[in-house]
file work_34.cif (mmCIF, C-alpha atoms and all ligand atoms)
data_structure
#
loop_
_atom_site.group_PDB
_atom_site.id
_atom_site.type_symbol
_atom_site.label_atom_id
_atom_site.label_comp_id
_atom_site.auth_asym_id
_atom_site.auth_seq_id
_atom_site.Cartn_x
_atom_site.Cartn_y
_atom_site.Cartn_z
ATOM 1 C CA MET I 1 0.000 0.000 0.000
ATOM 2 C CA THR I 2 1.725 3.112 -1.230
ATOM 3 C CA MET I 3 0.375 6.484 -0.099
ATOM 4 C CA LEU I 4 0.061 8.949 -2.949
ATOM 5 C CA ARG I 5 1.789 12.260 -2.158
ATOM 6 C CA PRO I 6 2.558 15.566 -3.890
ATOM 7 C CA GLN I 7 5.625 15.739 -6.096
ATOM 8 C CA HIS I 8 8.840 17.283 -4.788
ATOM 9 C CA ALA I 9 10.611 20.361 -6.158
ATOM 10 C CA GLY I 10 12.637 19.611 -9.261
ATOM 11 C CA ILE I 11 9.878 18.420 -11.559
ATOM 12 C CA PRO I 12 9.253 20.426 -14.716
ATOM 13 C CA LEU I 13 7.017 23.336 -13.720
ATOM 14 C CA PRO I 14 4.132 24.965 -15.555
ATOM 15 C CA GLN I 15 4.930 28.178 -17.423
ATOM 16 C CA PRO I 16 2.037 30.589 -16.831
ATOM 17 C CA THR I 17 0.963 32.532 -19.904
ATOM 18 C CA PRO I 18 -1.246 35.627 -20.289
ATOM 19 C CA VAL I 19 -4.302 33.420 -20.671
ATOM 20 C CA SER I 20 -3.453 30.935 -17.883
ATOM 21 C CA GLY I 21 -1.949 33.469 -15.440
ATOM 22 C CA PRO I 22 -5.208 34.054 -13.525
ATOM 23 C CA PHE I 23 -5.517 30.306 -12.955
ATOM 24 C CA TRP I 24 -2.012 30.034 -11.472
ATOM 25 C CA ASP I 25 -2.519 33.201 -9.418
ATOM 26 C CA GLY I 26 -5.650 31.527 -8.055
ATOM 27 C CA CYS I 27 -3.733 28.402 -7.065
ATOM 28 C CA ALA I 28 -1.226 30.560 -5.170
ATOM 29 C CA ALA I 29 -4.169 32.214 -3.393
ATOM 30 C CA GLY I 30 -5.783 28.878 -2.552
ATOM 31 C CA GLU I 31 -8.531 29.256 -5.161
ATOM 32 C CA LEU I 32 -9.388 26.872 -7.981
ATOM 33 C CA ARG I 33 -10.360 29.269 -10.775
ATOM 34 C CA TYR I 34 -12.090 28.416 -14.026
ATOM 35 C CA GLN I 35 -13.786 30.427 -16.734
ATOM 36 C CA ARG I 36 -17.459 30.760 -17.531
ATOM 37 C CA CYS I 37 -18.752 32.225 -20.774
ATOM 38 C CA ARG I 38 -20.954 35.251 -20.139
ATOM 39 C CA THR I 39 -22.691 34.684 -23.470
ATOM 40 C CA CYS I 40 -23.736 31.017 -23.266
ATOM 41 C CA GLY I 41 -22.888 30.015 -19.684
ATOM 42 C CA HIS I 42 -20.458 27.232 -20.661
ATOM 43 C CA ALA I 43 -17.798 26.396 -18.037
ATOM 44 C CA GLU I 44 -14.261 26.148 -19.481
ATOM 45 C CA PHE I 45 -10.926 24.677 -18.507
ATOM 46 C CA ASP I 46 -8.104 24.898 -19.500
ATOM 47 C CA PRO I 47 -7.942 28.682 -19.905
ATOM 48 C CA VAL I 48 -9.047 30.104 -23.250
ATOM 49 C CA TRP I 49 -9.474 33.500 -24.893
ATOM 50 C CA VAL I 50 -12.738 32.472 -26.561
ATOM 51 C CA CYS I 51 -15.494 30.066 -25.528
ATOM 52 C CA ARG I 52 -15.098 26.603 -27.061
ATOM 53 C CA HIS I 53 -18.879 26.269 -27.097
ATOM 54 C CA CYS I 54 -20.052 29.494 -28.803
ATOM 55 C CA GLY I 55 -16.921 31.451 -29.789
ATOM 56 C CA SER I 56 -17.650 34.438 -27.552
ATOM 57 C CA ASP I 57 -14.654 36.283 -26.111
ATOM 58 C CA ASP I 58 -16.645 37.381 -23.045
ATOM 59 C CA MET I 59 -15.061 34.961 -20.569
ATOM 60 C CA ALA I 60 -15.305 35.538 -16.806
ATOM 61 C CA TRP I 61 -13.051 33.969 -14.159
ATOM 62 C CA GLN I 62 -14.916 32.255 -11.329
ATOM 63 C CA VAL I 63 -13.849 30.392 -8.197
ATOM 64 C CA SER I 64 -14.803 26.736 -7.945
ATOM 65 C CA ASP I 65 -16.067 25.136 -4.760
ATOM 66 C CA GLY I 66 -13.252 22.673 -5.493
ATOM 67 C CA ARG I 67 -15.328 19.510 -5.407
ATOM 68 C CA GLY I 68 -15.875 16.975 -8.119
ATOM 69 C CA GLU I 69 -15.815 13.391 -9.245
ATOM 70 C CA VAL I 70 -13.100 11.245 -10.804
ATOM 71 C CA TYR I 71 -14.083 10.594 -14.410
ATOM 72 C CA SER I 72 -11.026 8.530 -15.331
ATOM 73 C CA HIS I 73 -7.636 7.640 -13.876
ATOM 74 C CA THR I 74 -4.345 5.881 -14.360
ATOM 75 C CA VAL I 75 -1.363 5.160 -12.116
ATOM 76 C CA VAL I 76 2.114 5.997 -13.383
ATOM 77 C CA TRP I 77 4.950 3.693 -12.314
ATOM 78 C CA ARG I 78 7.474 4.690 -15.005
ATOM 79 C CA PRO I 79 7.622 8.488 -15.373
ATOM 80 C CA GLN I 80 8.422 10.180 -18.668
ATOM 81 C CA THR I 81 11.219 12.081 -16.922
ATOM 82 C CA PRO I 82 13.185 10.910 -13.857
ATOM 83 C CA GLU I 83 12.311 13.921 -11.673
ATOM 84 C CA PHE I 84 8.898 12.486 -10.825
ATOM 85 C CA THR I 85 8.373 10.342 -7.743
ATOM 86 C CA VAL I 86 6.337 7.224 -8.510
ATOM 87 C CA PRO I 87 3.758 5.953 -8.218
ATOM 88 C CA TYR I 88 1.472 8.887 -8.912
ATOM 89 C CA ALA I 89 -2.148 8.821 -9.918
ATOM 90 C CA VAL I 90 -3.286 10.918 -12.863
ATOM 91 C CA VAL I 91 -6.988 11.698 -12.735
ATOM 92 C CA ILE I 92 -9.504 13.506 -14.905
ATOM 93 C CA VAL I 93 -11.917 15.249 -12.559
ATOM 94 C CA ASN I 94 -15.336 16.586 -13.507
ATOM 95 C CA PHE I 95 -15.854 19.479 -11.114
ATOM 96 C CA ASP I 96 -19.353 20.277 -9.920
ATOM 97 C CA GLU I 97 -19.446 23.604 -11.811
ATOM 98 C CA GLY I 98 -19.151 21.750 -15.118
ATOM 99 C CA PHE I 99 -15.465 22.012 -16.084
ATOM 100 C CA THR I 100 -12.857 19.273 -16.279
ATOM 101 C CA LEU I 101 -9.310 19.294 -14.917
ATOM 102 C CA LEU I 102 -6.447 16.845 -15.425
ATOM 103 C CA THR I 103 -4.545 16.586 -12.144
ATOM 104 C CA ASN I 104 -3.041 14.148 -9.639
ATOM 105 C CA LEU I 105 -4.778 12.406 -6.755
ATOM 106 C CA ILE I 106 -3.041 12.323 -3.356
ATOM 107 C CA GLY I 107 -3.956 11.427 0.213
ATOM 108 C CA CYS I 108 -4.950 7.832 -0.437
ATOM 109 C CA THR I 109 -3.373 4.652 -1.743
ATOM 110 C CA VAL I 110 -3.118 3.405 -5.301
ATOM 111 C CA GLU I 111 -5.677 0.759 -4.388
ATOM 112 C CA ASP I 112 -8.202 3.441 -3.359
ATOM 113 C CA VAL I 113 -8.373 5.111 -6.777
ATOM 114 C CA VAL I 114 -11.690 4.421 -8.486
ATOM 115 C CA THR I 115 -13.802 6.041 -11.136
ATOM 116 C CA GLY I 116 -16.639 8.027 -9.616
ATOM 117 C CA MET I 117 -14.925 8.765 -6.299
ATOM 118 C CA ARG I 118 -15.680 12.202 -4.830
ATOM 119 C CA VAL I 119 -12.627 14.444 -4.486
ATOM 120 C CA ARG I 120 -11.775 17.977 -3.420
ATOM 121 C CA VAL I 121 -8.954 20.246 -4.490
ATOM 122 C CA VAL I 122 -5.891 20.806 -2.304
ATOM 123 C CA PHE I 123 -2.901 23.038 -3.102
ATOM 124 C CA HIS I 124 0.826 22.473 -2.677
ATOM 125 C CA GLN I 125 3.588 25.042 -3.195
ATOM 126 C CA ILE I 126 6.435 23.497 -5.122
ATOM 127 C CA GLY I 127 8.743 26.498 -5.453
ATOM 128 C CA GLY I 128 9.551 28.642 -8.451
ATOM 129 C CA GLY I 129 6.504 30.744 -7.619
ATOM 130 C CA ILE I 130 4.226 27.857 -8.558
ATOM 131 C CA THR I 131 1.477 26.259 -6.492
ATOM 132 C CA LEU I 132 0.056 23.052 -7.947
ATOM 133 C CA PRO I 133 -3.545 21.904 -7.587
ATOM 134 C CA TYR I 134 -4.056 18.291 -6.546
ATOM 135 C CA VAL I 135 -7.173 16.460 -5.447
ATOM 136 C CA GLU I 136 -7.709 14.244 -2.429
ATOM 137 C CA PRO I 137 -10.643 12.055 -1.372
ATOM 138 C CA ASP I 138 -13.530 14.251 -0.200
ATOM 139 C CA PRO I 139 -14.385 13.374 3.394
ATOM 140 C CA GLU I 140 -17.886 14.674 2.744
ATOM 141 C CA GLY I 141 -18.303 12.016 0.082
ATOM 142 C CA ASN I 142 -21.450 12.188 -1.991
ATOM 143 C CA HIS I 143 -23.670 14.270 0.230
ATOM 144 C CA GLY I 144 -23.811 18.027 0.019
ATOM 145 C CA ASN I 145 -23.574 19.729 -3.353
HETATM 146 ZN ZN ZN I 201 -20.024 30.527 -24.855
#
call {"tool": "encode", "arguments": {"input": "work_34.cif", "output": "structure tokens"}}
result
Amino acid sequence: MTMLRPQHAGIPLPQPTPVSGPFWDGCAAGELRYQRCRTCGHAEFDPVWVCRHCGSDDMAWQVSDGRGEVYSHTVVWRPQTPEFTVPYAVVIVNFDEGFTLLTNLIGCTVEDVVTGMRVRVVFHQIGGGITLPYVEPDPEGNHGN
């Protein structure tokens, strides 16, 4: 039983851009930010200049409640680059506001990872001015929302 934990400093870090900067600023502030189209209401991630649903450029940043459900997952035992500590669990999470985020699951064992599990976001500073969003099992489970 191997506990899944955040990565250590030394892994390749994200490079915030003008369009993704507000997302990374949010992580540093402990907020999971996503965009919602003011024209059609579609929730978007990753960050975009124009809505993927209707093409509008009237995108507003919003703060997620940080809770969602694992849509799909895999466990990595052989990393693409040696800086990563294995195993780590890559998950696609459907957040309750309607956007999807590819991230890593921590705070449980490899054996605990299942499709449909409820998770919540948790942030870890990794240096270089970057704070990474992870998810962990949601102790509130399926009630609430
Ligand atoms: Zn739209």
call {"tool": "closest_residue", "arguments": {"input": "work_34.cif", "among": "I:Met117, I:Val110, I:Asp138, I:Gly127", "to": "Pro14 (chain I)", "atoms": "only C-alpha atoms"}}
result
I:Gly127
call {"tool": "closest_residue", "arguments": {"input": "work_34.cif", "among": "I:Arg120, I:Arg78, I:Arg36, I:His73", "to": "Asp58 (chain I)", "atoms": "all atoms listed in the file"}}
result
I:Arg36
call {"tool": "residues_near_ligand", "arguments": {"input": "work_34.cif", "ligand": "ligand ZN 201 (chain I)", "cutoff": "6 Å", "atoms": "only C-alpha atoms and all ligand atoms", "output": "ChimeraX atom specification"}}
result
/I:37,39-42,51,53-56
call {"tool": "resolve_selection", "arguments": {"input": "work_34.cif", "expression": "the PyMOL selection byres (((chain I and resi 31) around 12) and not hetatm)", "output": "PyMOL selection string"}}
result
chain I and resi 22-30+32-34+61-67+120-124+131-134
call {"tool": "closest_residue", "arguments": {"input": "work_34.cif", "among": "I:Cys108, I:Val75, I:Ile130, I:Ala43", "to": "Ile92 (chain I)", "atoms": "only C-alpha atoms"}}
result
I:Val75
call {"tool": "atom_distance", "arguments": {"input": "work_34.cif", "atom1": "CA of Pro12 (chain I)", "atom2": "CA of Gly68 (chain I)"}}
result
26.2 Å
call {"tool": "residues_around", "arguments": {"input": "work_34.cif", "residues": "Val86 (chain I)", "least_positions_apart": "4", "cutoff": "10 Å", "atoms": "all atoms listed in the file", "output": "mmCIF file with C-alpha atoms, in the coordinates of the input"}}
result
data_model
loop_
_atom_site.group_PDB
_atom_site.id
_atom_site.type_symbol
_atom_site.label_atom_id
_atom_site.label_comp_id
_atom_site.auth_asym_id
_atom_site.auth_seq_id
_atom_site.Cartn_x
_atom_site.Cartn_y
_atom_site.Cartn_z
ATOM 1 C CA THR I 2 1.725 3.112 -1.230
ATOM 2 C CA LEU I 4 0.061 8.949 -2.949
ATOM 3 C CA ARG I 5 1.789 12.260 -2.158
ATOM 4 C CA GLN I 7 5.625 15.739 -6.096
ATOM 5 C CA VAL I 75 -1.363 5.160 -12.116
ATOM 6 C CA VAL I 76 2.114 5.997 -13.383
ATOM 7 C CA TRP I 77 4.950 3.693 -12.314
ATOM 8 C CA ARG I 78 7.474 4.690 -15.005
ATOM 9 C CA PRO I 79 7.622 8.488 -15.373
ATOM 10 C CA PRO I 82 13.185 10.910 -13.857
#
call {"tool": "decode", "arguments": {"input": "work_34.cif", "residues": "region 99-123 of chain I", "atoms": "N, CA and C atoms", "output": "short mmCIF file (atom, residue, chain, number, x, y, z; two decimals), in the first residue's frame"}}
result
data_model
loop_
_atom_site.label_atom_id
_atom_site.label_comp_id
_atom_site.auth_asym_id
_atom_site.auth_seq_id
_atom_site.Cartn_x
_atom_site.Cartn_y
_atom_site.Cartn_z
N PHE I 99 -16.73 22.04 -15.33
CA PHE I 99 -15.46 22.01 -16.08
C PHE I 99 -14.66 20.79 -15.67
N THR I 100 -13.65 20.48 -16.47
CA THR I 100 -12.86 19.27 -16.28
C THR I 100 -11.40 19.65 -16.12
N LEU I 101 -10.71 19.00 -15.19
CA LEU I 101 -9.31 19.29 -14.92
C LEU I 101 -8.53 17.99 -14.83
N LEU I 102 -7.38 17.96 -15.52
CA LEU I 102 -6.45 16.84 -15.43
C LEU I 102 -5.48 17.17 -14.30
N THR I 103 -5.39 16.30 -13.29
CA THR I 103 -4.55 16.59 -12.14
C THR I 103 -4.07 15.27 -11.54
N ASN I 104 -3.49 15.35 -10.33
CA ASN I 104 -3.04 14.15 -9.64
C ASN I 104 -3.81 13.99 -8.34
N LEU I 105 -4.07 12.75 -7.99
CA LEU I 105 -4.78 12.41 -6.76
C LEU I 105 -3.76 12.05 -5.68
N ILE I 106 -3.92 12.62 -4.49
CA ILE I 106 -3.04 12.32 -3.36
C ILE I 106 -3.90 12.01 -2.13
N GLY I 107 -3.24 11.61 -1.05
CA GLY I 107 -3.96 11.43 0.21
C GLY I 107 -4.68 10.11 0.33
N CYS I 108 -4.37 9.18 -0.54
CA CYS I 108 -4.95 7.83 -0.44
C CYS I 108 -3.95 6.88 -1.09
N THR I 109 -4.29 5.62 -1.14
CA THR I 109 -3.37 4.65 -1.74
C THR I 109 -3.76 4.38 -3.19
N VAL I 110 -2.86 3.79 -3.91
CA VAL I 110 -3.12 3.41 -5.30
C VAL I 110 -4.37 2.54 -5.38
N GLU I 111 -4.54 1.68 -4.38
CA GLU I 111 -5.68 0.76 -4.39
C GLU I 111 -7.02 1.47 -4.18
N ASP I 112 -6.97 2.70 -3.64
CA ASP I 112 -8.20 3.44 -3.36
C ASP I 112 -8.77 4.15 -4.59
N VAL I 113 -7.98 4.28 -5.64
CA VAL I 113 -8.37 5.11 -6.78
C VAL I 113 -9.43 4.39 -7.60
N VAL I 114 -10.61 5.01 -7.68
CA VAL I 114 -11.69 4.42 -8.49
C VAL I 114 -12.43 5.52 -9.25
N THR I 115 -12.93 5.14 -10.37
CA THR I 115 -13.80 6.04 -11.14
C THR I 115 -15.04 6.36 -10.31
N GLY I 116 -15.43 7.61 -10.32
CA GLY I 116 -16.64 8.03 -9.62
C GLY I 116 -16.40 8.49 -8.19
N MET I 117 -15.17 8.33 -7.68
CA MET I 117 -14.93 8.76 -6.30
C MET I 117 -15.03 10.29 -6.20
N ARG I 118 -15.56 10.77 -5.07
CA ARG I 118 -15.68 12.20 -4.83
C ARG I 118 -14.34 12.72 -4.31
N VAL I 119 -13.91 13.85 -4.85
CA VAL I 119 -12.63 14.44 -4.49
C VAL I 119 -12.81 15.94 -4.27
N ARG I 120 -11.80 16.52 -3.59
CA ARG I 120 -11.77 17.98 -3.42
C ARG I 120 -10.36 18.46 -3.70
N VAL I 121 -10.25 19.71 -4.12
CA VAL I 121 -8.95 20.25 -4.49
C VAL I 121 -8.14 20.55 -3.24
N VAL I 122 -6.82 20.43 -3.36
CA VAL I 122 -5.89 20.81 -2.30
C VAL I 122 -4.64 21.34 -3.01
N PHE I 123 -4.01 22.36 -2.43
CA PHE I 123 -2.90 23.04 -3.10
C PHE I 123 -1.58 22.77 -2.40
#
